[in-house]
Structure formats: C-alpha cells, structure tokens
>>> print(open('protein20.txt').read())   # compact mmCIF, C-alpha atoms
# COMPACT_ATOMS: atom_id res chain seq x y z
CA MET F 1 78.52 92.73 91.12
CA THR F 2 82.10 93.29 92.27
CA ALA F 3 81.84 96.57 94.13
CA VAL F 4 79.70 97.97 96.89
CA ASP F 5 77.54 100.95 95.99
CA ILE F 6 75.52 102.10 98.97
CA PRO F 7 73.80 105.49 98.98
CA THR F 8 75.18 107.74 101.70
CA SER F 9 72.73 110.60 101.39
CA SER F 10 70.99 109.63 104.63
CA ILE F 11 73.73 109.24 107.20
CA PRO F 12 72.52 108.03 110.60
CA ILE F 13 73.30 110.19 113.62
CA PRO F 14 74.23 108.18 116.74
CA ASP F 15 71.44 108.24 119.29
CA PRO F 16 72.71 108.33 122.89
CA VAL F 17 69.61 106.52 124.12
CA GLY F 18 69.41 103.79 121.50
CA PRO F 19 71.34 101.87 118.86
CA VAL F 20 72.29 103.28 115.48
CA THR F 21 70.01 101.73 112.85
CA VAL F 22 71.46 101.55 109.36
CA GLY F 23 71.29 99.55 106.14
CA GLY F 24 74.18 97.50 104.85
CA ALA F 25 75.52 95.42 101.98
CA ALA F 26 77.10 92.08 102.86
CA SER F 27 79.81 90.06 101.17
CA ARG F 28 78.45 86.90 99.60
CA ARG F 29 80.97 84.98 101.72
CA LEU F 30 78.68 85.78 104.64
CA SER F 31 75.43 84.55 103.08
CA GLY F 32 75.23 81.51 105.33
CA SER F 33 75.69 83.60 108.47
CA ILE F 34 73.55 86.60 107.54
CA ASP F 35 70.66 84.67 105.99
CA GLY F 36 70.81 81.83 108.50
CA LEU F 37 69.22 81.46 111.89
CA VAL F 38 69.98 84.16 114.42
CA ARG F 39 72.97 83.14 116.52
CA ALA F 40 74.76 84.75 119.42
CA ALA F 41 78.03 86.57 118.80
CA MET F 42 80.40 88.87 120.67
CA VAL F 43 82.16 92.08 119.75
CA ARG F 44 85.88 91.27 119.71
CA ALA F 45 87.14 94.69 118.64
CA ALA F 46 85.66 98.09 117.84
CA PHE F 47 87.24 100.97 115.92
CA PRO F 48 85.87 104.15 114.31
CA SER F 49 85.79 102.48 110.89
CA ALA F 50 84.95 98.85 111.80
CA VAL F 51 83.73 96.42 114.42
CA TYR F 52 84.46 92.70 114.47
CA LEU F 53 81.92 90.16 115.71
CA ASP F 54 82.91 86.62 116.64
CA THR F 55 80.11 84.13 115.96
CA GLY F 56 82.05 81.10 117.17
CA LYS F 57 82.21 79.89 113.56
CA GLY F 58 84.08 82.86 112.17
CA VAL F 59 84.22 86.64 112.31
CA VAL F 60 81.88 89.12 110.66
CA ALA F 61 83.34 92.57 110.04
CA VAL F 62 80.94 95.51 110.02
CA VAL F 63 82.72 98.38 108.29
CA ALA F 64 81.98 102.00 107.53
CA HIS F 65 81.42 103.02 103.93
CA ASP F 66 84.96 104.44 103.81
CA GLY F 67 86.54 101.54 105.73
CA LEU F 68 88.69 98.62 104.63
CA ARG F 69 86.40 96.22 102.75
CA LEU F 70 87.57 92.83 103.85
CA PRO F 71 85.89 89.90 102.07
CA ILE F 72 84.06 89.11 105.33
CA SER F 73 82.45 92.54 105.60
CA VAL F 74 79.03 94.05 105.94
CA VAL F 75 79.46 97.59 104.61
CA VAL F 76 77.11 100.11 106.19
CA ALA F 77 75.65 103.24 104.62
CA ALA F 78 77.59 105.57 106.90
CA THR F 79 81.11 106.94 106.84
CA SER F 80 83.45 106.74 109.82
CA THR F 81 83.18 110.52 110.32
CA SER F 82 79.54 110.07 111.37
CA SER F 83 80.65 107.66 114.15
CA PRO F 84 78.25 104.79 113.40
CA PHE F 85 80.10 102.52 115.85
CA ALA F 86 80.40 104.99 118.72
CA GLY F 87 78.06 102.95 120.90
CA VAL F 88 79.79 99.59 120.32
CA ARG F 89 82.29 98.23 122.85
CA PRO F 90 84.52 95.13 122.90
CA GLY F 91 82.83 92.40 124.87
CA ASP F 92 79.31 93.56 124.00
CA PRO F 93 76.87 90.77 123.11
CA ALA F 94 75.69 90.66 119.52
CA THR F 95 73.60 88.60 117.13
CA VAL F 96 74.09 87.64 113.49
CA GLY F 97 71.36 86.14 111.31
CA GLY F 98 67.85 86.68 110.07
CA GLY F 99 69.15 89.30 107.65
CA LYS F 100 70.60 91.47 110.40
CA VAL F 101 73.65 92.17 112.51
CA THR F 102 72.94 93.69 115.91
CA THR F 103 74.86 94.81 118.97
CA MET F 104 73.93 96.93 121.96
CA GLY F 105 74.82 100.09 120.00
CA LEU F 106 74.12 99.11 116.40
CA GLU F 107 71.50 97.42 114.23
CA VAL F 108 72.35 96.70 110.59
CA THR F 109 69.72 95.40 108.18
CA VAL F 110 71.32 93.76 105.15
CA GLY F 111 69.48 94.72 101.99
CA ARG F 112 72.15 94.16 99.35
CA TRP F 113 74.97 91.75 98.54
CA TRP F 114 78.36 92.16 96.91
CA THR F 115 80.93 89.77 95.54
CA PRO F 116 84.56 90.11 96.67
CA PRO F 117 86.67 91.20 93.67
CA ARG F 118 89.01 88.79 91.91
CA PRO F 119 92.00 89.66 89.71
CA PRO F 120 91.89 88.83 86.00
CA ALA F 121 93.91 85.86 84.78
CA LEU F 122 97.57 86.25 83.89
CA VAL F 123 98.05 87.85 80.47
CA ARG F 124 101.61 86.60 79.88
CA PRO F 125 102.72 84.15 82.59
CA GLU F 126 106.30 84.26 81.31
CA HIS F 127 106.47 87.93 82.37
CA LEU F 128 105.55 87.22 85.99
CA PRO F 129 109.18 86.83 87.20
CA ALA F 130 110.00 90.35 85.99
CA ARG F 131 106.94 91.78 87.71
CA ALA F 132 107.81 89.94 90.93
CA ALA F 133 111.37 91.27 90.75
CA ARG F 134 109.95 94.78 90.40
CA LEU F 135 107.82 94.22 93.50
CA ALA F 136 110.90 93.09 95.44
CA ARG F 137 112.84 96.21 94.40
CA ILE F 138 110.02 98.53 95.43
CA LEU F 139 109.73 96.90 98.84
CA VAL F 140 113.46 97.41 99.37
CA ALA F 141 113.24 101.02 98.21
CA ARG F 142 110.33 101.63 100.60
CA ARG F 143 112.34 100.04 103.44
CA ARG F 144 109.57 97.55 104.06
CA ALA F 145 111.66 94.60 105.17
CA LEU F 146 110.07 91.75 107.10
CA ALA F 147 111.23 91.31 110.68
CA ASP F 148 112.59 88.06 112.04
CA PRO F 149 111.53 85.40 112.83
CA VAL F 150 108.81 85.84 110.17
CA ALA F 151 111.36 86.69 107.47
CA GLY F 152 113.46 83.57 107.97
CA ARG F 153 110.47 81.27 108.06
CA LEU F 154 109.05 82.80 104.90
CA VAL F 155 112.38 82.26 103.12
CA ARG F 156 112.24 78.56 103.99
CA LEU F 157 108.62 78.26 102.88
CA GLY F 158 109.39 80.10 99.64
CA GLY F 159 112.27 77.74 98.92
CA ALA F 160 110.04 74.71 99.39
CA LEU F 161 107.39 76.20 97.10
CA ARG F 162 109.90 77.07 94.37
CA ALA F 163 111.36 73.57 94.49
CA ARG F 164 107.82 72.12 94.57
CA ARG F 165 108.83 70.12 97.61
CA HIS F 166 106.53 69.10 100.42
CA VAL F 167 106.12 72.26 102.48
CA GLY F 168 106.45 70.34 105.76
CA ALA F 169 106.29 72.37 108.96
CA HIS F 170 107.30 75.68 107.36
CA PRO F 171 103.81 77.17 106.94
CA ALA F 172 102.52 76.00 110.32
CA SER F 173 105.43 77.78 112.00
CA LEU F 174 104.09 81.08 110.61
CA VAL F 175 100.51 80.65 111.87
CA GLY F 176 99.79 83.13 114.65
CA LEU F 177 103.36 84.45 114.65
CA GLY F 178 103.33 88.08 115.72
CA GLU F 179 101.11 90.54 117.52
CA GLY F 180 97.70 92.07 116.96
CA LEU F 181 94.40 91.00 115.44
CA THR F 182 96.16 89.76 112.30
CA PRO F 183 99.69 88.63 113.24
CA ALA F 184 102.47 89.18 110.71
CA GLY F 185 102.90 85.47 110.05
CA ASP F 186 99.23 85.17 109.11
CA ASP F 187 99.34 88.21 106.84
CA VAL F 188 102.34 86.70 105.04
CA LEU F 189 100.57 83.36 104.65
CA ALA F 190 97.47 85.10 103.29
CA GLY F 191 99.61 86.77 100.65
CA VAL F 192 101.27 83.49 99.69
CA LEU F 193 97.91 81.70 99.41
CA LEU F 194 96.43 84.45 97.25
CA ALA F 195 99.40 84.64 94.90
CA LEU F 196 99.45 80.88 94.43
CA ARG F 197 95.68 80.81 93.86
CA HIS F 198 95.56 83.61 91.29
CA LEU F 199 98.98 83.54 89.62
CA GLY F 200 99.09 80.07 88.18
CA ARG F 201 99.64 77.57 90.99
CA PRO F 202 96.23 76.83 92.54
CA ASP F 203 97.33 73.26 93.28
CA CYS F 204 100.09 74.63 95.52
CA ALA F 205 97.55 76.88 97.25
CA ASP F 206 95.46 73.81 98.02
CA LEU F 207 98.48 71.95 99.41
CA LEU F 208 99.54 74.90 101.53
CA TRP F 209 96.06 75.36 102.99
CA ALA F 210 95.80 71.64 103.70
CA ALA F 211 99.06 71.90 105.66
CA ILE F 212 97.77 74.64 107.98
CA ALA F 213 93.96 74.41 108.03
CA GLU F 214 93.76 72.38 111.23
CA GLU F 215 96.33 74.55 113.03
CA VAL F 216 94.81 77.91 112.14
CA PRO F 217 91.82 77.90 114.55
CA ARG F 218 94.03 76.76 117.43
CA ARG F 219 96.99 79.08 116.95
CA THR F 220 95.73 82.48 115.89
CA THR F 221 92.96 84.99 116.44
CA ALA F 222 89.42 84.37 115.25
CA LEU F 223 89.66 87.32 112.83
CA SER F 224 92.93 86.16 111.33
CA ALA F 225 91.65 82.58 111.02
CA THR F 226 88.60 83.80 109.12
CA LEU F 227 90.72 85.92 106.78
CA LEU F 228 93.13 83.05 106.12
CA ALA F 229 90.21 80.83 105.12
CA ALA F 230 89.02 83.57 102.78
CA ALA F 231 92.51 83.91 101.29
CA ALA F 232 92.72 80.16 100.74
CA ALA F 233 89.51 80.46 98.70
CA GLY F 234 90.97 83.39 96.75
CA ASP F 235 89.20 86.31 98.44
CA ALA F 236 90.90 89.45 99.74
CA ALA F 237 90.49 93.19 100.21
CA PRO F 238 90.50 95.34 97.04
CA GLN F 239 93.99 96.71 97.79
CA VAL F 240 95.40 93.17 97.68
CA VAL F 241 93.50 92.32 94.51
CA GLU F 242 94.93 95.43 92.82
CA VAL F 243 98.50 94.23 93.44
CA LEU F 244 97.60 90.76 92.17
CA SER F 245 96.15 92.40 89.06
CA ALA F 246 99.38 94.35 88.61
CA LEU F 247 101.46 91.20 88.93
CA ALA F 248 99.18 89.62 86.33
CA GLY F 249 99.95 92.49 83.95
CA HIS F 250 96.66 94.40 84.10
CA ARG F 251 97.69 97.62 85.87
CA ALA F 252 100.67 99.61 87.08
CA LEU F 253 102.38 97.98 90.04
CA GLU F 254 103.70 100.92 92.04
CA PRO F 255 100.42 102.83 92.63
CA ALA F 256 98.65 99.58 93.54
CA LEU F 257 101.42 98.63 95.95
CA ASP F 258 101.32 102.07 97.58
CA ARG F 259 97.62 101.56 98.35
CA LEU F 260 98.32 98.14 99.85
CA LEU F 261 101.21 99.43 101.97
CA ALA F 262 98.82 101.99 103.49
CA VAL F 263 96.69 99.18 104.99
CA GLY F 264 97.28 98.91 108.72
CA SER F 265 100.60 99.61 110.40
CA THR F 266 102.40 96.61 108.87
CA SER F 267 99.66 94.33 107.50
CA GLY F 268 99.83 95.68 103.96
CA SER F 269 103.59 95.30 103.87
CA ASP F 270 103.44 91.78 105.32
CA ILE F 271 100.83 90.72 102.76
CA ALA F 272 102.98 92.18 99.98
CA HIS F 273 105.92 90.02 101.09
CA GLY F 274 103.62 87.00 101.00
CA LEU F 275 102.44 87.90 97.51
CA LEU F 276 106.08 88.15 96.43
CA ALA F 277 106.90 84.71 97.84
CA GLY F 278 103.87 83.16 96.16
CA ALA F 279 104.52 84.91 92.85
CA THR F 280 108.12 83.74 92.61
CA GLY F 281 107.79 80.57 90.59
CA PRO F 282 110.05 77.53 90.41
>>> encode(input="protein20.txt", output="structure tokens")
Amino acid sequence: MTAVDIPTSSIPIPDPVGPVTVGGAASRRLSGSIDGLVRAAMVRAAFPSAVYLDTGKGVVAVVAHDGLRLPISVVVAATSTSSPFAGVRPGDPATVGGGKVTTMGLEVTVGRWWTPPRPPALVRPEHLPARAARLARILVARRRALADPVAGRLVRLGGALRARRHVGAHPASLVGLGEGLTPAGDDVLAGVLLALRHLGRPDCADLLWAAIAEEVPRRTTALSATLLAAAAAGDAAPQVVEVLSALAGHRALEPALDRLLAVGSTSGSDIAHGLLAGATGP
C-alpha cells in the first residue's frame, strides 16, 4: 500500500471541553513508536494542518487529511478546515504508543498503516544528465536560486560527489544551516541523499549519511533530524518522490517540480536544489 485512503465522511468537530478523538493511518516508519510502549512526548509545533510531537527519539507528525504527508506522519481522518488541531499548543505534554497518539487537545487511534512511496528505478540512466539539466533550467526560470552560504557549500559538496572524492567536512557544514523547523541546509542535504539513493548511487548516499549522522542530532532541530534520517533511508513526501520519478524518466518534470516548489516557503525549492546536486553524476 503506497497511499493513504482514509474515509472523511465523519469529520470530528472540535469539542471545547475535551480532546478531538479521531482515527488515523500511520507511516510504517513509525511502527516501532506507535505499536511500542507508551512513552512521553511533547508538542514542538502546532499548525492548522499538522502538529509535531518530539518523543526524545524522533518526531512524529500528526497531519490533516489534506496536509503534507511526510514519511513520519500519522494522517488523521479530518481535513484542516475542520480544525482538528485547534486545541493543541506548543509545549503541551503528549504520549505516543499503545496504538495511539494523544495530547491535551487530541486523541488519535491508529487503525491503518501506509508505506511511504518510492520512485521507480531509472529507465535509461544515460538520459539522467539531460533531465538534471532541465531541472536546473527550470529553477533558474522560476528564480529559485539558493541563498549563500548554503549555495556555496552545496557547490563544494556537489564537486566532491561528482569527483567521487571523500566528502570531508562539506556535508557537516550544511547541517542545521538556516532558520526554521527544517533549515535550508538540511533540506538541501535531504534532496542530495534522496537523489543519490534512488538515481543510481546508493553507495554515495551511504557515505554521505555516515559523514553527518553523528552531527545531525546535535546541530539541527528534532524534526529536521528525523526527516534527514528518513531521507537517508530513501523516504520522502510524495511531492519529492514525484520529482525523483520525473528525473528517472517516468513522468513530466515541470508539473512535478511545481508541486514540490509549493511545499513550504523555501523548503521545496531547497530540496529541489539538493535533488539536482545528487542527480548530477560524475
């Protein structure tokens, strides 16, 4: 099963005197957390379409049915317009485990599981350079340039990857670089890891992750660290997978890229630059 299909006919209405109770479908990446013993967590961030719970061993995203389906998500049977997370606040205590995710304003019972999507294998690897060049041209046309210092550090990392040299300190210098829940440097690294993993150089993905794995928990946010670990394993949001599929020759690039660029204020663009760096072979 590679897509979430949750009925939305019975949308919960927030109760001002109690938590919203709703069913959900969880990513299989979360099976150890959701099916394991109940453990304490904390709400790190709350938005109309998602809340993020820090368990101390990673972040669990609880997202609305119409929200961004990160590979670390529990997708609930409610859209953001019904305000399922209205009673959740950053700093609220929470629990994860025993088949449920709970906070002071929300109780989600996981009844289904889904597998994060993966792109198909490359059809014609020799055509990848042309597809990557097309991606670069579209990013320029969309005026989606990376800002320094992320841009300069990505150039150096890309050069090391193309020459198949030891990546050295280049990737670590990107970890945690930038602002927000997922800093730009991390989004770029996630894109590089995913492109290497799925577009013919999984050995380089392993080497890159080995170079940063110990630094990631110390230098960036808990959410970004969890997403980087997922990217290293090959898992990403559907919008990212669509661009990978386009680079692999399975779909049109421009519509897929437009959907990715709509993710966040700059996250989609930053990930796209990482995909480009990882897709540009030696």
>>> residues_around(input="protein20.txt", residues="region 174-183 of chain F", least_positions_apart="2", cutoff="8 Å", atoms="all atoms listed in the file", output="CSV table (one decimal) with C-alpha atoms, in the frame of the given file")
chain,number,residue,atom,x,y,z
F,150,VAL,CA,108.8,85.8,110.2
F,153,ARG,CA,110.5,81.3,108.1
F,154,LEU,CA,109.0,82.8,104.9
F,170,HIS,CA,107.3,75.7,107.4
F,171,PRO,CA,103.8,77.2,106.9
F,172,ALA,CA,102.5,76.0,110.3
F,185,GLY,CA,102.9,85.5,110.0
F,186,ASP,CA,99.2,85.2,109.1
F,187,ASP,CA,99.3,88.2,106.8
F,189,LEU,CA,100.6,83.4,104.6
F,212,ILE,CA,97.8,74.6,108.0
F,215,GLU,CA,96.3,74.6,113.0
F,216,VAL,CA,94.8,77.9,112.1
F,219,ARG,CA,97.0,79.1,117.0
F,220,THR,CA,95.7,82.5,115.9
F,221,THR,CA,93.0,85.0,116.4
F,223,LEU,CA,89.7,87.3,112.8
F,224,SER,CA,92.9,86.2,111.3
F,267,SER,CA,99.7,94.3,107.5
>>> closest_residue(input="protein20.txt", among="F:Gly200, F:Gly32, F:Pro120, F:Gly234", to="Thr280 (chain F)", atoms="all atoms listed in the file")
F:Gly200
>>> residues_around(input="protein20.txt", residues="Gly99 (chain F)", least_positions_apart="6", cutoff="12 Å", atoms="only C-alpha atoms", output="list in words")
Gly23, Gly24, Ala25, Ala26, Leu30, Ser31, Gly32, Ser33, Ile34, Asp35, Gly36, Leu37, Val38, Arg39, Val74, Glu107, Val108, Thr109, Val110, Gly111, Arg112 and Trp113 of chain F
>>> residues_near_point(input="protein20.txt", point="(97.7, 94.8, 91.8)", cutoff="10 Å", atoms="only C-alpha atoms", output="PyMOL selection string")
chain F and resi 119+238-260
>>> closest_residue(input="protein20.txt", among="F:Ala184, F:Ser83, F:Pro116, F:Ala121", to="Pro149 (chain F)", atoms="only C-alpha atoms")
F:Ala184
>>> atom_distance(input="protein20.txt", atom1="CA of Gly274 (chain F)", atom2="CA of Leu194 (chain F)")
8.5 Å
>>> residues_around(input="protein20.txt", residues="Ala213 (chain F)", least_positions_apart="4", cutoff="10 Å", atoms="only C-alpha atoms", output="PyMOL selection string")
chain F and resi 172+175+208-209+217-218+225+228-229+232
>>> atom_distance(input="protein20.txt", atom1="CA of Val96 (chain F)", atom2="CA of Asp54 (chain F)")
9.4 Å
>>> atom_distance(input="protein20.txt", atom1="CA of Ser265 (chain F)", atom2="CA of Cys204 (chain F)")
29.1 Å
>>> residues_around(input="protein20.txt", residues="Leu193 (chain F)", least_positions_apart="6", cutoff="7 Å", atoms="all atoms listed in the file", output="NGL selection string")
:F and (205 or 231-232 or 278)
>>> residues_around(input="protein20.txt", residues="Thr55 (chain F)", least_positions_apart="3", cutoff="7 Å", atoms="all atoms listed in the file", output="ChimeraX atom specification")
/F:40-42,58-59
>>> closest_residue(input="protein20.txt", among="F:Ala86, F:Leu135, F:Ala64, F:Val75", to="Trp114 (chain F)", atoms="all atoms listed in the file")
F:Val75
>>> closest_residue(input="protein20.txt", among="F:Gly98, F:Pro117, F:Gly67, F:Gly152", to="Asp235 (chain F)", atoms="all atoms listed in the file")
F:Pro117
